[in-house]
file final_30.csv (CSV, C-alpha atoms)
chain,number,residue,atom,x,y,z
M,17,MET,CA,15.3,-10.0,8.5
M,18,LYS,CA,12.1,-11.9,7.7
M,19,ARG,CA,9.5,-10.1,5.6
M,20,ILE,CA,6.3,-9.1,7.4
M,21,PRO,CA,3.5,-8.6,4.9
M,22,GLU,CA,1.2,-5.5,5.3
M,23,PRO,CA,-2.5,-6.0,6.1
M,24,GLU,CA,-4.5,-6.6,3.0
M,25,GLU,CA,-6.1,-3.2,2.7
M,26,LEU,CA,-6.2,-0.3,0.3
M,27,MET,CA,-5.5,3.3,1.1
M,28,ASP,CA,-9.1,4.0,0.5
M,29,GLU,CA,-9.8,6.1,3.6
M,30,ALA,CA,-10.1,9.8,2.7
M,31,GLU,CA,-7.9,11.0,5.6
M,32,GLN,CA,-5.1,8.5,4.8
M,33,ALA,CA,-5.2,9.2,1.1
M,34,LEU,CA,-5.0,13.0,1.8
M,35,ALA,CA,-2.0,12.5,4.1
M,36,TYR,CA,-0.2,10.8,1.3
M,37,ALA,CA,-1.2,13.4,-1.3
M,38,GLU,CA,0.1,16.2,0.9
M,39,ALA,CA,3.3,14.5,1.9
M,40,ASP,CA,6.6,15.5,0.2
M,41,PHE,CA,7.8,12.6,-1.9
M,42,SER,CA,9.5,14.9,-4.4
M,43,ALA,CA,13.0,13.5,-3.9
M,44,SER,CA,12.1,9.8,-4.6
M,45,ASN,CA,9.6,10.7,-7.3
M,46,GLU,CA,12.1,12.8,-9.1
M,47,LEU,CA,14.6,10.0,-8.8
M,48,PHE,CA,12.1,7.8,-10.5
M,49,ILE,CA,11.9,10.2,-13.5
M,50,GLN,CA,15.6,10.5,-13.7
M,51,LEU,CA,16.0,6.7,-13.8
M,52,PHE,CA,13.5,6.6,-16.7
M,53,GLU,CA,15.4,9.3,-18.5
M,54,GLN,CA,18.6,7.2,-18.2
M,55,LEU,CA,16.7,4.1,-19.4
M,56,HIS,CA,15.0,5.9,-22.3
M,57,PRO,CA,17.2,8.8,-23.3
M,58,ALA,CA,15.2,9.5,-26.5
M,59,GLU,CA,12.0,11.6,-26.3
M,60,PHE,CA,9.1,9.3,-25.2
M,61,THR,CA,6.1,9.9,-27.4
M,62,GLY,CA,4.1,6.7,-26.8
M,63,GLN,CA,1.5,5.3,-24.4
M,64,ALA,CA,2.6,4.6,-20.8
M,65,LEU,CA,0.9,2.6,-18.1
M,66,ASP,CA,1.4,3.6,-14.4
M,67,LEU,CA,0.5,0.8,-12.0
M,68,GLY,CA,-0.3,1.9,-8.5
M,69,CYS,CA,-0.4,5.6,-9.3
M,70,GLY,CA,-1.7,6.9,-6.0
M,71,PRO,CA,-2.4,10.6,-6.1
M,72,ALA,CA,-0.8,10.8,-9.5
M,73,ASP,CA,2.4,12.6,-8.8
M,74,ILE,CA,4.5,10.3,-11.0
M,75,PRO,CA,2.1,10.4,-14.0
M,76,ILE,CA,2.0,14.2,-13.7
M,77,ARG,CA,5.8,14.5,-13.6
M,78,PHE,CA,6.1,12.0,-16.4
M,79,ALA,CA,3.6,14.0,-18.6
M,80,ARG,CA,5.4,17.2,-17.9
M,81,ARG,CA,8.7,15.7,-18.9
M,82,TYR,CA,7.4,14.1,-22.0
M,83,PRO,CA,4.8,16.5,-23.5
M,84,ARG,CA,3.8,14.1,-26.3
M,85,ALA,CA,3.2,11.1,-24.1
M,86,LYS,CA,-0.1,9.8,-22.9
M,87,VAL,CA,-0.5,7.9,-19.6
M,88,ASP,CA,-3.1,5.4,-18.3
M,89,ALA,CA,-2.8,5.5,-14.5
M,90,LEU,CA,-4.2,2.7,-12.5
M,91,ASP,CA,-4.9,2.3,-8.7
M,92,GLY,CA,-7.2,0.1,-6.6
M,93,ALA,CA,-8.1,2.9,-4.1
M,94,GLN,CA,-10.9,5.2,-5.3
M,95,ALA,CA,-10.0,7.8,-2.6
M,96,MET,CA,-6.5,8.1,-4.1
M,97,LEU,CA,-7.9,8.4,-7.6
M,98,ASP,CA,-10.3,11.2,-6.5
M,99,LEU,CA,-7.3,13.2,-5.3
M,100,ALA,CA,-5.4,12.2,-8.5
M,101,GLU,CA,-8.2,13.6,-10.6
M,102,LYS,CA,-8.1,16.9,-8.9
M,103,ALA,CA,-4.3,17.2,-9.3
M,104,ILE,CA,-4.4,16.2,-13.0
M,105,GLU,CA,-7.1,18.7,-13.7
M,106,ALA,CA,-5.2,21.5,-11.9
M,107,ASP,CA,-2.2,20.8,-14.1
M,108,GLY,CA,-4.3,20.8,-17.2
M,109,LEU,CA,-3.4,17.2,-18.1
M,110,ALA,CA,-6.8,15.6,-18.2
M,111,GLN,CA,-6.5,15.0,-22.0
M,112,ARG,CA,-3.2,13.1,-21.5
M,113,ILE,CA,-3.7,11.2,-18.2
M,114,CYS,CA,-6.5,8.7,-17.9
M,115,LEU,CA,-7.4,7.2,-14.5
M,116,HIS,CA,-8.6,3.6,-14.0
M,117,CYS,CA,-9.8,2.0,-10.8
M,118,GLN,CA,-8.5,-1.6,-11.0
M,119,TYR,CA,-6.8,-4.2,-8.9
M,120,LEU,CA,-3.8,-6.3,-10.0
M,121,PRO,CA,-3.6,-8.5,-11.9
M,122,ALA,CA,-5.2,-6.0,-14.3
M,123,THR,CA,-7.5,-7.9,-16.7
M,124,ARG,CA,-9.5,-5.0,-18.2
M,125,LEU,CA,-6.7,-3.2,-20.1
M,126,ASP,CA,-7.8,-3.0,-23.8
M,127,LYS,CA,-4.4,-1.8,-25.2
M,128,THR,CA,-0.7,-2.6,-25.1
M,129,TYR,CA,1.8,0.0,-23.9
M,130,ASP,CA,5.2,1.3,-24.9
M,131,ALA,CA,6.3,1.8,-21.2
M,132,VAL,CA,5.1,0.5,-17.8
M,133,LEU,CA,5.9,2.5,-14.7
M,134,SER,CA,5.3,1.5,-11.1
M,135,ASN,CA,6.5,3.2,-7.9
M,136,SER,CA,6.0,2.0,-4.4
M,137,LEU,CA,3.5,-0.7,-5.3
M,138,LEU,CA,5.4,-4.0,-5.2
M,139,HIS,CA,5.8,-4.2,-1.4
M,140,HIS,CA,2.0,-4.0,-1.0
M,141,LEU,CA,1.6,-7.2,-3.0
M,142,ASN,CA,1.7,-10.6,-1.2
M,143,ASP,CA,1.8,-12.2,-4.7
M,144,PRO,CA,4.3,-10.1,-6.6
M,145,GLN,CA,3.5,-12.1,-9.8
M,146,ASP,CA,0.3,-10.0,-10.0
M,147,LEU,CA,2.6,-7.1,-11.0
M,148,TRP,CA,4.9,-9.0,-13.3
M,149,SER,CA,2.1,-10.8,-15.1
M,150,THR,CA,0.3,-7.5,-15.7
M,151,ILE,CA,3.5,-6.1,-17.1
M,152,LEU,CA,3.9,-9.0,-19.5
M,153,ASP,CA,0.3,-8.9,-20.5
M,154,SER,CA,0.1,-5.2,-21.2
M,155,THR,CA,3.3,-4.4,-23.1
M,156,ARG,CA,4.4,-4.2,-26.7
M,157,PRO,CA,7.7,-5.8,-27.8
M,158,GLY,CA,10.6,-3.5,-26.8
M,159,ALA,CA,8.6,-1.7,-24.1
M,160,THR,CA,10.5,0.1,-21.4
M,161,VAL,CA,9.8,-1.0,-17.8
M,162,LEU,CA,10.7,0.8,-14.6
M,163,VAL,CA,9.5,-0.4,-11.3
M,164,MET,CA,10.9,1.3,-8.1
M,165,ASP,CA,10.1,0.2,-4.6
M,166,LEU,CA,11.4,0.2,-1.1
M,167,MET,CA,14.1,-2.4,-0.2
M,168,ARG,CA,13.8,-4.3,3.0
M,169,PRO,CA,16.6,-3.5,5.5
M,170,GLU,CA,18.7,-6.2,7.1
M,171,SER,CA,17.5,-5.5,10.7
M,172,ALA,CA,14.9,-3.8,12.8
M,173,GLY,CA,17.5,-1.3,13.9
M,174,GLN,CA,17.9,-0.2,10.3
M,175,VAL,CA,14.2,0.2,10.0
M,176,ASP,CA,14.0,2.4,13.0
M,177,ALA,CA,16.9,4.5,11.7
M,178,LEU,CA,15.2,5.0,8.3
M,179,VAL,CA,11.9,6.0,10.0
M,180,VAL,CA,13.7,8.6,12.1
M,181,GLN,CA,15.6,9.9,9.1
M,182,TYR,CA,12.8,10.2,6.7
M,183,ALA,CA,9.5,10.3,8.7
M,184,SER,CA,10.3,11.8,12.1
M,185,ASP,CA,8.2,14.9,11.3
M,186,ALA,CA,5.5,13.1,9.3
M,187,PRO,CA,1.9,12.5,10.5
M,188,GLU,CA,1.5,9.4,12.6
M,189,VAL,CA,-0.3,7.6,9.8
M,190,LEU,CA,2.7,8.1,7.5
M,191,ARG,CA,5.3,7.1,10.1
M,192,ARG,CA,3.3,3.9,10.8
M,193,ASP,CA,2.8,3.0,7.2
M,194,PHE,CA,6.5,3.8,6.3
M,195,GLU,CA,7.7,1.4,9.0
M,196,ALA,CA,5.2,-1.3,7.9
M,197,SER,CA,6.3,-0.8,4.3
M,198,LEU,CA,9.9,-1.3,5.1
M,199,TYR,CA,9.2,-4.6,6.8
M,200,ALA,CA,7.0,-5.6,3.9
M,201,ALA,CA,9.4,-4.7,1.2
M,202,TYR,CA,11.4,-7.3,-0.8
M,203,THR,CA,15.1,-7.7,-1.0
M,204,LEU,CA,17.2,-7.6,-4.2
M,205,GLU,CA,17.6,-11.4,-4.1
M,206,GLU,CA,13.8,-11.9,-3.7
M,207,VAL,CA,13.0,-9.6,-6.6
M,208,GLN,CA,15.6,-11.3,-8.8
M,209,ALA,CA,13.9,-14.6,-8.0
M,210,GLN,CA,10.5,-13.1,-8.9
M,211,LEU,CA,11.8,-11.9,-12.3
M,212,ALA,CA,13.3,-15.3,-13.0
M,213,ALA,CA,10.0,-17.0,-12.2
M,214,ALA,CA,8.2,-14.6,-14.5
M,215,SER,CA,10.8,-15.2,-17.3
M,216,LEU,CA,11.5,-11.5,-17.4
M,217,ASP,CA,15.1,-11.9,-18.5
M,218,GLY,CA,15.3,-8.5,-20.0
M,219,LEU,CA,14.9,-6.7,-16.7
M,220,THR,CA,17.6,-6.1,-14.0
M,221,VAL,CA,17.3,-5.1,-10.4
M,222,SER,CA,19.7,-2.9,-8.5
M,223,GLN,CA,19.8,-0.7,-5.4
M,224,VAL,CA,19.3,3.0,-6.3
M,225,SER,CA,19.2,4.7,-2.9
M,226,ASP,CA,19.7,3.9,0.7
M,227,ARG,CA,16.1,2.6,0.8
M,228,HIS,CA,15.0,1.9,-2.8
M,229,LEU,CA,15.6,-0.7,-5.4
M,230,ALA,CA,14.7,-0.5,-9.1
M,231,VAL,CA,13.8,-3.0,-11.7
M,232,GLN,CA,14.4,-1.7,-15.2
M,233,GLY,CA,15.0,-2.7,-18.8
M,234,ARG,CA,13.3,-3.4,-22.1
M,235,LEU,CA,11.2,-6.3,-22.9
M,236,GLY,CA,12.0,-8.5,-25.9

call {"tool": "encode", "arguments": {"input": "final_30.csv", "output": "structure tokens"}}
result
Amino acid sequence: MKRIPEPEELMDEAEQALAYAEADFSASNELFIQLFEQLHPAEFTGQALDLGCGPADIPIRFARRYPRAKVDALDGAQAMLDLAEKAIEADGLAQRICLHCQYLPATRLDKTYDAVLSNSLLHHLNDPQDLWSTILDSTRPGATVLVMDLMRPESAGQVDALVVQYASDAPEVLRRDFEASLYAAYTLEEVQAQLAAASLDGLTVSQVSDRHLAVQGRLG
């Protein structure tokens, strides 16, 4: 099935951002944390960068799991970051999670990181190298990388079935966006080609659920 890119827009409307913040993504977000634990079994005590943090559920889960870690969380939508700030303050994590409003490729990062996290960002990018170049430019040697995203189904019928299974009771804005995201997602083969083009030989891509793929590994 041919990829259909999403419209070039950010989730910067307050109503749309709030719908995402209130949605239950706990299963996929917890899967993300479990994948990082498998990738980095030792206690993580360094500085992590989250690209496309949205309302900050992943940075908050990560900071809870690794109490000595610090996270810089980046998103291009200020409406998302406003909700993220409230959630971070409510969890008492404002000293350990720092928010940044930036687009990719990120060019204003003044440090390098021990880990880079990204969940559900890749399919929003018409030029995926914006993500991979940011990862290359912002990491220390040996940094841990985990990028999880939706994986494009093989047919429109499979898209419809996934929308019914996972978004039938969701608000209309979430159902519509989930469907568009499935059409805009990349396949395993496309992501493998992206990694090869970026010379990210230390990273591998695999299917990790019925609708997700994950790129993971350590950089040389």

call {"tool": "closest_residue", "arguments": {"input": "final_30.csv", "among": "M:Leu133, M:Ala201, M:Ala58, M:Cys69", "to": "Leu99 in chain M", "atoms": "all atoms listed in the file"}}
result
M:Cys69

call {"tool": "residues_around", "arguments": {"input": "final_30.csv", "residues": "Arg192 in chain M", "least_positions_apart": "4", "cutoff": "12 Å", "atoms": "all atoms listed in the file", "output": "MDAnalysis selection string"}}
result
chainID M and resid 22 32 175:176 179:180 183:184 186:188 196:199

call {"tool": "closest_residue", "arguments": {"input": "final_30.csv", "among": "M:Leu67, M:Ile76, M:Tyr182, M:Glu206", "to": "Ala43 in chain M", "atoms": "only C-alpha atoms"}}
result
M:Tyr182

call {"tool": "closest_residue", "arguments": {"input": "final_30.csv", "among": "M:Ala106, M:His139, M:Gln208, M:Gln232", "to": "Pro23 in chain M", "atoms": "all atoms listed in the file"}}
result
M:His139

call {"tool": "closest_residue", "arguments": {"input": "final_30.csv", "among": "M:Thr160, M:Asn45, M:Thr203, M:Gln50", "to": "Leu138 in chain M", "atoms": "all atoms listed in the file"}}
result
M:Thr203

call {"tool": "residues_near_point", "arguments": {"input": "final_30.csv", "point": "(5.7, 0.2, -2.9)", "cutoff": "9 Å", "atoms": "all atoms listed in the file", "output": "list in words"}}
result
Gly68, Ser134, Asn135, Ser136, Leu137, Leu138, His139, His140, Leu141, Met164, Asp165, Leu166, Ser197 and Ala201 of chain M

call {"tool": "closest_residue", "arguments": {"input": "final_30.csv", "among": "M:Arg168, M:Lys127, M:Lys86, M:Lys18", "to": "Thr61 in chain M", "atoms": "all atoms listed in the file"}}
result
M:Lys86

call {"tool": "closest_residue", "arguments": {"input": "final_30.csv", "among": "M:Val163, M:Ala200, M:Leu219, M:Leu115", "to": "Asp98 in chain M", "atoms": "all atoms listed in the file"}}
result
M:Leu115

call {"tool": "atom_distance", "arguments": {"input": "final_30.csv", "atom1": "CA of Ala131 in chain M", "atom2": "CA of Pro144 in chain M"}}
result
18.9 Å

call {"tool": "residues_near_point", "arguments": {"input": "final_30.csv", "point": "(3.3, -11.5, -16.7)", "cutoff": "10 Å", "atoms": "all atoms listed in the file", "output": "number ranges by chain"}}
result
M: 121, 145-155, 211, 213-216

call {"tool": "atom_distance", "arguments": {"input": "final_30.csv", "atom1": "CA of Val231 in chain M", "atom2": "CA of Leu162 in chain M"}}
result
5.7 Å

call {"tool": "atom_distance", "arguments": {"input": "final_30.csv", "atom1": "CA of Arg234 in chain M", "atom2": "CA of Gly218 in chain M"}}
result
5.9 Å

call {"tool": "residues_around", "arguments": {"input": "final_30.csv", "residues": "range 81-83 of chain M", "least_positions_apart": "6", "cutoff": "9 Å", "atoms": "only C-alpha atoms", "output": "list in words"}}
result
Ile49, Glu59, Phe60, Thr61 and Arg112 of chain M
